[in-house]
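This is upload01.pdb. It holds PDB, C-alpha atoms, pLDDT in the B column.
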```pdb
ATOM      1  CA  MET A1126     -13.581  20.774  24.995  1.00 37.00           C
ATOM      2  CA  VAL A1127     -12.060  19.307  28.142  1.00 39.00           C
ATOM      3  CA  ALA A1128      -8.283  18.924  27.878  1.00 42.00           C
ATOM      4  CA  SER A1129      -7.163  15.342  28.272  1.00 42.00           C
ATOM      5  CA  VAL A1130      -4.879  14.276  31.049  1.00 47.00           C
ATOM      6  CA  ARG A1131      -2.014  12.344  29.545  1.00 46.00           C
ATOM      7  CA  LYS A1132      -0.189   9.622  31.385  1.00 51.00           C
ATOM      8  CA  PRO A1133       3.590  10.092  31.559  1.00 51.00           C
ATOM      9  CA  ARG A1134       4.028   7.183  29.135  1.00 61.00           C
ATOM     10  CA  ASP A1135       2.207   9.150  26.430  1.00 75.00           C
ATOM     11  CA  LEU A1136       4.618  12.098  26.157  1.00 87.00           C
ATOM     12  CA  PHE A1137       8.391  12.278  25.853  1.00 92.00           C
ATOM     13  CA  THR A1138      10.886  15.120  26.077  1.00 95.00           C
ATOM     14  CA  ALA A1139      13.504  15.951  23.459  1.00 96.00           C
ATOM     15  CA  SER A1140      16.168  14.593  25.826  1.00 96.00           C
ATOM     16  CA  GLN A1141      14.395  11.253  26.066  1.00 95.00           C
ATOM     17  CA  VAL A1142      14.048  10.989  22.283  1.00 95.00           C
ATOM     18  CA  ALA A1143      17.735  11.919  21.902  1.00 96.00           C
ATOM     19  CA  ARG A1144      18.595   9.082  24.298  1.00 94.00           C
ATOM     20  CA  PHE A1145      16.398   6.636  22.342  1.00 94.00           C
ATOM     21  CA  CYS A1146      18.193   7.573  19.102  1.00 94.00           C
ATOM     22  CA  GLN A1147      21.627   7.962  20.746  1.00 94.00           C
ATOM     23  CA  VAL A1148      22.073  11.428  19.207  1.00 95.00           C
ATOM     24  CA  ASP A1149      22.723  14.924  20.499  1.00 96.00           C
ATOM     25  CA  LEU A1150      19.799  16.974  21.806  1.00 95.00           C
ATOM     26  CA  LYS A1151      20.396  19.572  19.074  1.00 96.00           C
ATOM     27  CA  THR A1152      19.832  16.849  16.454  1.00 96.00           C
ATOM     28  CA  ILE A1153      16.338  16.219  17.855  1.00 96.00           C
ATOM     29  CA  HIS A1154      15.594  19.955  17.717  1.00 96.00           C
ATOM     30  CA  ASN A1155      16.793  20.052  14.096  1.00 96.00           C
ATOM     31  CA  TRP A1156      14.680  17.021  13.142  1.00 95.00           C
ATOM     32  CA  ALA A1157      11.636  18.586  14.817  1.00 94.00           C
ATOM     33  CA  ASP A1158      12.205  21.961  13.113  1.00 94.00           C
ATOM     34  CA  ARG A1159      12.459  20.197   9.729  1.00 94.00           C
ATOM     35  CA  GLY A1160       9.211  18.294  10.381  1.00 90.00           C
ATOM     36  CA  GLN A1161      10.891  14.889  10.432  1.00 91.00           C
ATOM     37  CA  ILE A1162       9.250  13.953  13.729  1.00 92.00           C
ATOM     38  CA  PRO A1163       5.823  15.273  14.793  1.00 89.00           C
ATOM     39  CA  HIS A1164       5.917  17.301  17.975  1.00 90.00           C
ATOM     40  CA  PHE A1165       4.329  20.155  19.862  1.00 91.00           C
ATOM     41  CA  ARG A1166       5.639  22.765  22.241  1.00 91.00           C
ATOM     42  CA  THR A1167       4.585  23.414  25.820  1.00 91.00           C
ATOM     43  CA  PRO A1168       3.647  26.955  26.894  1.00 93.00           C
ATOM     44  CA  GLY A1169       7.299  27.253  28.007  1.00 93.00           C
ATOM     45  CA  ARG A1170       8.380  26.346  24.419  1.00 93.00           C
ATOM     46  CA  HIS A1171       9.763  22.902  25.371  1.00 94.00           C
ATOM     47  CA  LEU A1172       9.449  20.128  22.786  1.00 94.00           C
ATOM     48  CA  ARG A1173       7.157  17.185  23.524  1.00 93.00           C
ATOM     49  CA  PHE A1174       6.625  14.063  21.448  1.00 92.00           C
ATOM     50  CA  ARG A1175       3.678  11.674  21.575  1.00 85.00           C
ATOM     51  CA  ARG A1176       4.396   7.979  21.991  1.00 81.00           C
ATOM     52  CA  PRO A1177       2.930   6.848  18.631  1.00 77.00           C
ATOM     53  CA  HIS A1178       4.976   9.469  16.752  1.00 83.00           C
ATOM     54  CA  VAL A1179       8.181   8.442  18.504  1.00 88.00           C
ATOM     55  CA  LEU A1180       7.471   4.787  17.706  1.00 80.00           C
ATOM     56  CA  ASP A1181       6.788   5.637  14.051  1.00 77.00           C
ATOM     57  CA  PHE A1182       9.997   7.631  13.816  1.00 86.00           C
ATOM     58  CA  LEU A1183      12.112   4.909  15.437  1.00 85.00           C
ATOM     59  CA  ARG A1184      10.681   2.194  13.176  1.00 77.00           C
ATOM     60  CA  LYS A1185      11.004   4.349  10.048  1.00 78.00           C
ATOM     61  CA  TYR A1186      14.714   4.908  10.626  1.00 84.00           C
ATOM     62  CA  GLY A1187      15.525   1.449  12.019  1.00 82.00           C
ATOM     63  CA  TYR A1188      16.200   2.412  15.629  1.00 85.00           C
ATOM     64  CA  PRO A1189      15.539  -0.284  18.259  1.00 83.00           C
ATOM     65  CA  ILE A1190      12.379   0.210  20.322  1.00 80.00           C
ATOM     66  CA  PRO A1191      13.471   0.989  23.909  1.00 84.00           C
ATOM     67  CA  THR A1192      11.928  -0.933  26.787  1.00 79.00           C
ATOM     68  CA  GLU A1193      10.585   2.364  28.128  1.00 77.00           C
ATOM     69  CA  LEU A1194       8.316   2.659  25.066  1.00 75.00           C
ATOM     70  CA  ASP A1195       7.368  -1.000  25.137  1.00 68.00           C
ATOM     71  CA  ALA A1196       6.714  -1.308  28.883  1.00 62.00           C
ATOM     72  CA  GLU A1197       2.969  -0.629  28.975  1.00 69.00           C
ATOM     73  CA  ARG A1198       0.164  -2.012  26.892  1.00 78.00           C
ATOM     74  CA  PRO A1199      -1.109   0.459  24.293  1.00 83.00           C
ATOM     75  CA  ARG A1200      -4.726   1.570  24.783  1.00 86.00           C
ATOM     76  CA  VAL A1201      -7.122   0.540  21.987  1.00 91.00           C
ATOM     77  CA  GLY A1202     -10.686   1.846  21.747  1.00 90.00           C
ATOM     78  CA  LEU A1203     -13.443  -0.190  20.094  1.00 90.00           C
ATOM     79  CA  LEU A1204     -16.341   1.471  18.246  1.00 86.00           C
ATOM     80  CA  ILE A1205     -18.165  -1.566  16.897  1.00 82.00           C
ATOM     81  CA  ASN A1206     -21.884  -2.253  16.452  1.00 72.00           C
ATOM     82  CA  GLY A1207     -23.373  -4.747  18.871  1.00 63.00           C
ATOM     83  CA  THR A1208     -21.895  -6.273  21.984  1.00 53.00           C
ATOM     84  CA  ASP A1209     -20.894  -9.706  20.627  1.00 61.00           C
ATOM     85  CA  PRO A1210     -18.524  -8.478  17.890  1.00 68.00           C
ATOM     86  CA  ALA A1211     -16.916  -6.007  20.288  1.00 75.00           C
ATOM     87  CA  GLY A1212     -16.525  -8.753  22.895  1.00 82.00           C
ATOM     88  CA  GLU A1213     -14.817 -11.072  20.408  1.00 86.00           C
ATOM     89  CA  VAL A1214     -12.454  -8.319  19.276  1.00 87.00           C
ATOM     90  CA  ALA A1215     -11.686  -7.340  22.885  1.00 88.00           C
ATOM     91  CA  ALA A1216     -10.918 -10.959  23.796  1.00 89.00           C
ATOM     92  CA  ALA A1217      -8.483 -11.231  20.879  1.00 89.00           C
ATOM     93  CA  LEU A1218      -6.681  -8.009  21.825  1.00 90.00           C
ATOM     94  CA  GLU A1219      -6.672  -7.964  25.633  1.00 87.00           C
ATOM     95  CA  PRO A1220      -3.564 -10.009  26.238  1.00 81.00           C
ATOM     96  CA  ARG A1221      -1.436  -7.376  24.468  1.00 84.00           C
ATOM     97  CA  PHE A1222      -3.589  -4.226  24.659  1.00 88.00           C
ATOM     98  CA  GLU A1223      -5.629  -2.286  27.190  1.00 89.00           C
ATOM     99  CA  VAL A1224      -9.072  -2.358  25.536  1.00 91.00           C
ATOM    100  CA  VAL A1225     -11.768   0.283  26.034  1.00 90.00           C
ATOM    101  CA  GLU A1226     -15.188  -0.441  24.535  1.00 88.00           C
ATOM    102  CA  TYR A1227     -17.466   2.427  23.477  1.00 85.00           C
ATOM    103  CA  SER A1228     -21.047   1.207  23.096  1.00 76.00           C
ATOM    104  CA  ASN A1229     -22.410   4.459  21.649  1.00 77.00           C
ATOM    105  CA  PRO A1230     -20.515   6.157  18.780  1.00 75.00           C
ATOM    106  CA  LEU A1231     -21.322   9.722  19.865  1.00 78.00           C
ATOM    107  CA  ALA A1232     -20.568   9.148  23.543  1.00 81.00           C
ATOM    108  CA  GLY A1233     -17.462   7.236  22.465  1.00 82.00           C
ATOM    109  CA  LEU A1234     -16.203  10.189  20.434  1.00 82.00           C
ATOM    110  CA  ILE A1235     -16.580  12.437  23.460  1.00 85.00           C
ATOM    111  CA  GLN A1236     -14.658   9.971  25.621  1.00 87.00           C
ATOM    112  CA  ILE A1237     -11.981   9.590  22.935  1.00 87.00           C
ATOM    113  CA  GLY A1238     -11.592  13.381  22.793  1.00 83.00           C
ATOM    114  CA  GLU A1239     -11.170  13.553  26.563  1.00 82.00           C
ATOM    115  CA  GLN A1240      -8.848  10.540  26.915  1.00 83.00           C
ATOM    116  CA  PRO A1241      -7.473   9.533  23.487  1.00 84.00           C
ATOM    117  CA  PRO A1242      -6.446   5.910  23.052  1.00 87.00           C
ATOM    118  CA  ASP A1243      -3.351   4.965  21.043  1.00 85.00           C
ATOM    119  CA  ALA A1244      -5.547   3.332  18.401  1.00 89.00           C
ATOM    120  CA  ILE A1245      -9.198   2.848  17.581  1.00 91.00           C
ATOM    121  CA  VAL A1246     -10.879  -0.064  15.856  1.00 91.00           C
ATOM    122  CA  LEU A1247     -14.175   0.876  14.269  1.00 88.00           C
ATOM    123  CA  ALA A1248     -16.883  -0.580  12.103  1.00 81.00           C
ATOM    124  CA  ALA A1249     -17.432   0.842   8.630  1.00 69.00           C
ATOM    125  CA  ASP A1250     -21.034   1.681   9.487  1.00 72.00           C
ATOM    126  CA  LEU A1251     -22.035   2.861  12.945  1.00 75.00           C
ATOM    127  CA  GLY A1252     -25.602   3.850  12.197  1.00 74.00           C
ATOM    128  CA  SER A1253     -25.928   7.496  11.267  1.00 78.00           C
ATOM    129  CA  ILE A1254     -22.151   8.057  11.316  1.00 78.00           C
ATOM    130  CA  SER A1255     -19.744   6.289   8.978  1.00 81.00           C
ATOM    131  CA  GLY A1256     -16.349   5.014  10.030  1.00 82.00           C
ATOM    132  CA  ALA A1257     -14.766   7.437   7.547  1.00 84.00           C
ATOM    133  CA  GLU A1258     -16.563  10.402   9.175  1.00 86.00           C
ATOM    134  CA  ILE A1259     -15.250   9.365  12.589  1.00 86.00           C
ATOM    135  CA  ILE A1260     -11.711   8.980  11.259  1.00 89.00           C
ATOM    136  CA  GLU A1261     -11.923  12.398   9.612  1.00 89.00           C
ATOM    137  CA  ALA A1262     -13.108  13.954  12.889  1.00 87.00           C
ATOM    138  CA  LEU A1263     -10.235  12.310  14.787  1.00 87.00           C
ATOM    139  CA  LYS A1264      -7.638  13.511  12.270  1.00 87.00           C
ATOM    140  CA  ASP A1265      -9.027  17.082  12.306  1.00 87.00           C
ATOM    141  CA  ASP A1266      -8.530  17.519  16.058  1.00 83.00           C
ATOM    142  CA  ASP A1267      -5.074  18.275  17.499  1.00 76.00           C
ATOM    143  CA  ASN A1268      -5.843  16.181  20.574  1.00 77.00           C
ATOM    144  CA  THR A1269      -6.714  13.028  18.599  1.00 83.00           C
ATOM    145  CA  GLN A1270      -4.885  13.299  15.277  1.00 80.00           C
ATOM    146  CA  HIS A1271      -2.216  10.860  16.495  1.00 79.00           C
ATOM    147  CA  VAL A1272      -4.779   8.086  17.133  1.00 86.00           C
ATOM    148  CA  ARG A1273      -4.313   5.179  14.717  1.00 88.00           C
ATOM    149  CA  ALA A1274      -7.619   4.162  13.116  1.00 91.00           C
ATOM    150  CA  ILE A1275      -8.312   0.632  11.863  1.00 92.00           C
ATOM    151  CA  LEU A1276     -11.493   0.060   9.875  1.00 89.00           C
ATOM    152  CA  LEU A1277     -13.267  -3.302  10.198  1.00 84.00           C
ATOM    153  CA  GLU A1278     -14.905  -4.766   7.088  1.00 75.00           C
ATOM    154  CA  GLY A1279     -16.845  -2.506   4.787  1.00 64.00           C
ATOM    155  CA  ASP A1280     -17.017  -2.548   1.011  1.00 67.00           C
ATOM    156  CA  ASP A1281     -14.548  -0.972  -1.425  1.00 70.00           C
ATOM    157  CA  SER A1282     -16.144   2.481  -1.141  1.00 73.00           C
ATOM    158  CA  ASP A1283     -15.955   2.291   2.696  1.00 78.00           C
ATOM    159  CA  ARG A1284     -12.269   1.353   2.497  1.00 80.00           C
ATOM    160  CA  THR A1285     -11.523   4.120   0.008  1.00 85.00           C
ATOM    161  CA  ALA A1286     -13.350   6.736   2.082  1.00 84.00           C
ATOM    162  CA  ALA A1287     -11.608   5.570   5.274  1.00 85.00           C
ATOM    163  CA  ARG A1288      -8.192   5.598   3.592  1.00 86.00           C
ATOM    164  CA  GLU A1289      -8.799   9.128   2.295  1.00 89.00           C
ATOM    165  CA  ALA A1290      -9.906  10.205   5.779  1.00 88.00           C
ATOM    166  CA  GLY A1291      -6.620   8.928   7.260  1.00 89.00           C
ATOM    167  CA  ALA A1292      -7.203   5.312   8.312  1.00 90.00           C
ATOM    168  CA  SER A1293      -4.024   3.456   9.199  1.00 89.00           C
ATOM    169  CA  ALA A1294      -5.338   0.060   8.069  1.00 89.00           C
ATOM    170  CA  HIS A1295      -8.339  -2.007   6.988  1.00 88.00           C
ATOM    171  CA  VAL A1296      -8.939  -5.507   8.344  1.00 89.00           C
ATOM    172  CA  LYS A1297     -11.770  -7.992   7.829  1.00 84.00           C
ATOM    173  CA  ALA A1298     -13.869  -8.379  10.979  1.00 79.00           C
ATOM    174  CA  SER A1299     -13.407 -12.148  10.817  1.00 82.00           C
ATOM    175  CA  ASP A1300      -9.586 -11.848  10.847  1.00 88.00           C
ATOM    176  CA  LEU A1301      -8.949 -11.211  14.544  1.00 88.00           C
ATOM    177  CA  ILE A1302      -5.375 -12.494  14.368  1.00 90.00           C
ATOM    178  CA  GLY A1303      -4.727 -10.130  11.448  1.00 91.00           C
ATOM    179  CA  LEU A1304      -6.247  -7.290  13.471  1.00 91.00           C
ATOM    180  CA  ARG A1305      -4.012  -8.054  16.456  1.00 91.00           C
ATOM    181  CA  ASP A1306      -0.930  -8.308  14.190  1.00 90.00           C
ATOM    182  CA  THR A1307      -1.816  -5.013  12.493  1.00 90.00           C
ATOM    183  CA  LEU A1308      -2.199  -3.246  15.837  1.00 89.00           C
ATOM    184  CA  GLU A1309       1.053  -4.745  17.136  1.00 86.00           C
ATOM    185  CA  ALA A1310       2.869  -3.418  14.057  1.00 83.00           C
ATOM    186  CA  LEU A1311       1.269   0.033  14.303  1.00 81.00           C
ATOM    187  CA  MET A1312       1.950   0.324  18.033  1.00 77.00           C
ATOM    188  CA  GLY A1313       5.437  -1.200  18.084  1.00 70.00           C
ATOM    189  CA  VAL A1314       4.431  -4.016  20.430  1.00 71.00           C
ATOM    190  CA  ARG A1315       7.045  -6.754  20.634  1.00 61.00           C
ATOM    191  CA  HIS A1316       6.009 -10.327  19.929  1.00 54.00           C
TER     192      HIS A1316
END
```

Translate this file's structure into structure tokens.
Amino acid sequence: MVASVRKPRDLFTASQVARFCQVDLKTIHNWADRGQIPHFRTPGRHLRFRRPHVLDFLRKYGYPIPTELDAERPRVGLLINGTDPAGEVAAALEPRFEVVEYSNPLAGLIQIGEQPPDAIVLAADLGSISGAEIIEALKDDDNTQHVRAILLEGDDSDRTAAREAGASAHVKASDLIGLRDTLEALMGVRH
């Protein structure tokens, strides 16, 4: 698999996270060692934190979201059947999000693996692959496990399967405002 090239806005150092939380650097190392904030280490053993994990941590513990985390639009990928539904969803999201449309589920998964978005919005049924199967594949890969997955429509069994696979939310396809609000909440976008 080709390693993705991350933009600087996607990764933060322990010092940056300490500044966001207004705590000592050692506190961040302790929180990371205890598993309180997801992280990984560089080959030189330096801590790095992905943007969505930092946002989750800050929201969970009531810290304000720094401008540095809020400065750029989060990237949202769309895996939705047909061009019209994807176009409507993209139009509803584009003012607040950078939207990437994937017309083919398999090609889209390859692109997502190479350049992971912050979140993905997908249909419950994408032909031969279910939304739940895609979510499970995303959550099983270290490079994409941080991607927030939102399932559009589907019946109760689709929702249950997606939830069990690790979906962050379920929204009706007709509720584009609800979808935008859900993504804003998941990504820490200010109103």

Going by the chain IDs and residue numbers used in this file, which residues fall under the PyMOL selection byres ((chain A and resi 1237-1246) around 10)? Write them as a PyMOL selection string.
chain A and resi 1126-1132+1135+1175-1177+1198-1205+1211+1214+1222-1227+1231-1236+1247-1249+1256+1260+1263+1266-1277+1292-1296+1304+1308+1311-1312

Skipping near chain neighbours, those fewer than 3 positions away, what residues fall within 12 Å of Arg1170 in chain A using all atoms listed in the file, listed as an MDAnalysis selection string?
chainID A and resid 1138:1139 1154 1164:1167 1173

Could you write out the selected residues, including C-alpha atoms, as an mmCIF file, in the frame of the given file?
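Final output, selection_20.cif:
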```
data_model
loop_
_atom_site.group_PDB
_atom_site.id
_atom_site.type_symbol
_atom_site.label_atom_id
_atom_site.label_comp_id
_atom_site.auth_asym_id
_atom_site.auth_seq_id
_atom_site.Cartn_x
_atom_site.Cartn_y
_atom_site.Cartn_z
ATOM 1 C CA THR A 1138 10.886 15.120 26.077
ATOM 2 C CA ALA A 1139 13.504 15.951 23.459
ATOM 3 C CA HIS A 1154 15.594 19.955 17.717
ATOM 4 C CA HIS A 1164 5.917 17.301 17.975
ATOM 5 C CA PHE A 1165 4.329 20.155 19.862
ATOM 6 C CA ARG A 1166 5.639 22.765 22.241
ATOM 7 C CA THR A 1167 4.585 23.414 25.820
ATOM 8 C CA ARG A 1173 7.157 17.185 23.524
#
```

Kindly indicate which residue among A:Asp1283, A:Leu1251, A:Arg1221, A:Glu1258 lies nearest to Asp1306 in chain A, using all atoms listed in the file for the distances.
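That would be A:Arg1221, the residue with the smallest distance to Asp1306 in chain A.
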
Report as a PyMOL selection string all protein, DNA and RNA residues lying within 12 Å of Arg1144 in chain A, evaluated on only C-alpha atoms, omitting residues in the same chain fewer than 4 positions from it.
chain A and resi 1137-1140+1148-1153+1179+1183+1188-1191+1193

Mind pulling up the distance from CA of Ala1217 in chain A to CA of Ile1302 in chain A?
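Between CA of Ile1302 in chain A and CA of Ala1217 in chain A the gap is 7.3 Å.
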
To box range 1215-1233 of chain A, take all atoms listed in the file, fit an axis-aligned box, add 5 Å on each side, and give centre and edge lengths in Å to one decimal, as lines of an AutoDock Vina configuration file.
```
center_x = -11.9
center_y = -0.8
center_z = 23.0
size_x = 31.0
size_y = 31.0
size_z = 18.4
```

Please fill the gaps in range 1140-1164 of chain A so it has N, CA and C atoms, and write that as a PDB file, keeping the file's coordinate frame.
```pdb
ATOM      1  N   SER A1140      15.037  15.323  25.240  1.00 96.00           N
ATOM      2  CA  SER A1140      16.168  14.593  25.826  1.00 96.00           C
ATOM      3  C   SER A1140      15.934  13.090  25.802  1.00 96.00           C
ATOM      4  N   GLN A1141      14.708  12.679  26.102  1.00 95.00           N
ATOM      5  CA  GLN A1141      14.395  11.253  26.066  1.00 95.00           C
ATOM      6  C   GLN A1141      14.511  10.707  24.645  1.00 95.00           C
ATOM      7  N   VAL A1142      13.974  11.439  23.677  1.00 95.00           N
ATOM      8  CA  VAL A1142      14.048  10.989  22.283  1.00 95.00           C
ATOM      9  C   VAL A1142      15.506  10.949  21.825  1.00 95.00           C
ATOM     10  N   ALA A1143      16.310  11.919  22.243  1.00 96.00           N
ATOM     11  CA  ALA A1143      17.735  11.919  21.902  1.00 96.00           C
ATOM     12  C   ALA A1143      18.413  10.670  22.469  1.00 96.00           C
ATOM     13  N   ARG A1144      18.040  10.299  23.686  1.00 94.00           N
ATOM     14  CA  ARG A1144      18.595   9.082  24.298  1.00 94.00           C
ATOM     15  C   ARG A1144      18.166   7.840  23.526  1.00 94.00           C
ATOM     16  N   PHE A1145      16.881   7.785  23.116  1.00 94.00           N
ATOM     17  CA  PHE A1145      16.398   6.636  22.342  1.00 94.00           C
ATOM     18  C   PHE A1145      17.195   6.467  21.053  1.00 94.00           C
ATOM     19  N   CYS A1146      17.505   7.595  20.402  1.00 94.00           N
ATOM     20  CA  CYS A1146      18.193   7.573  19.102  1.00 94.00           C
ATOM     21  C   CYS A1146      19.715   7.629  19.241  1.00 94.00           C
ATOM     22  N   GLN A1147      20.198   7.835  20.466  1.00 94.00           N
ATOM     23  CA  GLN A1147      21.627   7.962  20.746  1.00 94.00           C
ATOM     24  C   GLN A1147      22.253   9.076  19.893  1.00 94.00           C
ATOM     25  N   VAL A1148      21.583  10.243  19.923  1.00 95.00           N
ATOM     26  CA  VAL A1148      22.073  11.428  19.207  1.00 95.00           C
ATOM     27  C   VAL A1148      22.070  12.608  20.167  1.00 95.00           C
ATOM     28  N   ASP A1149      22.673  13.696  19.734  1.00 96.00           N
ATOM     29  CA  ASP A1149      22.723  14.924  20.499  1.00 96.00           C
ATOM     30  C   ASP A1149      21.339  15.570  20.562  1.00 96.00           C
ATOM     31  N   LEU A1150      21.071  16.273  21.635  1.00 95.00           N
ATOM     32  CA  LEU A1150      19.799  16.974  21.806  1.00 95.00           C
ATOM     33  C   LEU A1150      19.526  17.943  20.659  1.00 95.00           C
ATOM     34  N   LYS A1151      20.557  18.625  20.179  1.00 96.00           N
ATOM     35  CA  LYS A1151      20.396  19.572  19.074  1.00 96.00           C
ATOM     36  C   LYS A1151      19.892  18.867  17.811  1.00 96.00           C
ATOM     37  N   THR A1152      20.295  17.623  17.610  1.00 96.00           N
ATOM     38  CA  THR A1152      19.832  16.849  16.454  1.00 96.00           C
ATOM     39  C   THR A1152      18.315  16.666  16.514  1.00 96.00           C
ATOM     40  N   ILE A1153      17.794  16.387  17.697  1.00 96.00           N
ATOM     41  CA  ILE A1153      16.338  16.219  17.855  1.00 96.00           C
ATOM     42  C   ILE A1153      15.642  17.535  17.533  1.00 96.00           C
ATOM     43  N   HIS A1154      16.183  18.646  18.019  1.00 96.00           N
ATOM     44  CA  HIS A1154      15.594  19.955  17.717  1.00 96.00           C
ATOM     45  C   HIS A1154      15.619  20.219  16.210  1.00 96.00           C
ATOM     46  N   ASN A1155      16.704  19.875  15.552  1.00 96.00           N
ATOM     47  CA  ASN A1155      16.793  20.052  14.096  1.00 96.00           C
ATOM     48  C   ASN A1155      15.765  19.183  13.375  1.00 96.00           C
ATOM     49  N   TRP A1156      15.648  17.912  13.778  1.00 95.00           N
ATOM     50  CA  TRP A1156      14.680  17.021  13.142  1.00 95.00           C
ATOM     51  C   TRP A1156      13.253  17.557  13.339  1.00 95.00           C
ATOM     52  N   ALA A1157      12.971  18.041  14.540  1.00 94.00           N
ATOM     53  CA  ALA A1157      11.636  18.586  14.817  1.00 94.00           C
ATOM     54  C   ALA A1157      11.384  19.836  13.975  1.00 94.00           C
ATOM     55  N   ASP A1158      12.362  20.732  13.900  1.00 94.00           N
ATOM     56  CA  ASP A1158      12.205  21.961  13.113  1.00 94.00           C
ATOM     57  C   ASP A1158      11.997  21.668  11.631  1.00 94.00           C
ATOM     58  N   ARG A1159      12.608  20.587  11.130  1.00 94.00           N
ATOM     59  CA  ARG A1159      12.459  20.197   9.729  1.00 94.00           C
ATOM     60  C   ARG A1159      11.190  19.371   9.472  1.00 94.00           C
ATOM     61  N   GLY A1160      10.446  19.067  10.539  1.00 90.00           N
ATOM     62  CA  GLY A1160       9.211  18.294  10.381  1.00 90.00           C
ATOM     63  C   GLY A1160       9.436  16.805  10.223  1.00 90.00           C
ATOM     64  N   GLN A1161      10.603  16.313  10.581  1.00 91.00           N
ATOM     65  CA  GLN A1161      10.891  14.889  10.432  1.00 91.00           C
ATOM     66  C   GLN A1161      10.243  14.041  11.518  1.00 91.00           C
ATOM     67  N   ILE A1162       9.929  14.658  12.645  1.00 92.00           N
ATOM     68  CA  ILE A1162       9.250  13.953  13.729  1.00 92.00           C
ATOM     69  C   ILE A1162       8.168  14.875  14.289  1.00 92.00           C
ATOM     70  N   PRO A1163       6.914  14.430  14.276  1.00 89.00           N
ATOM     71  CA  PRO A1163       5.823  15.273  14.793  1.00 89.00           C
ATOM     72  C   PRO A1163       6.035  15.609  16.268  1.00 89.00           C
ATOM     73  N   HIS A1164       5.711  16.820  16.621  1.00 90.00           N
ATOM     74  CA  HIS A1164       5.917  17.301  17.975  1.00 90.00           C
ATOM     75  C   HIS A1164       4.967  18.457  18.268  1.00 90.00           C
TER      76      HIS A1164
END
```
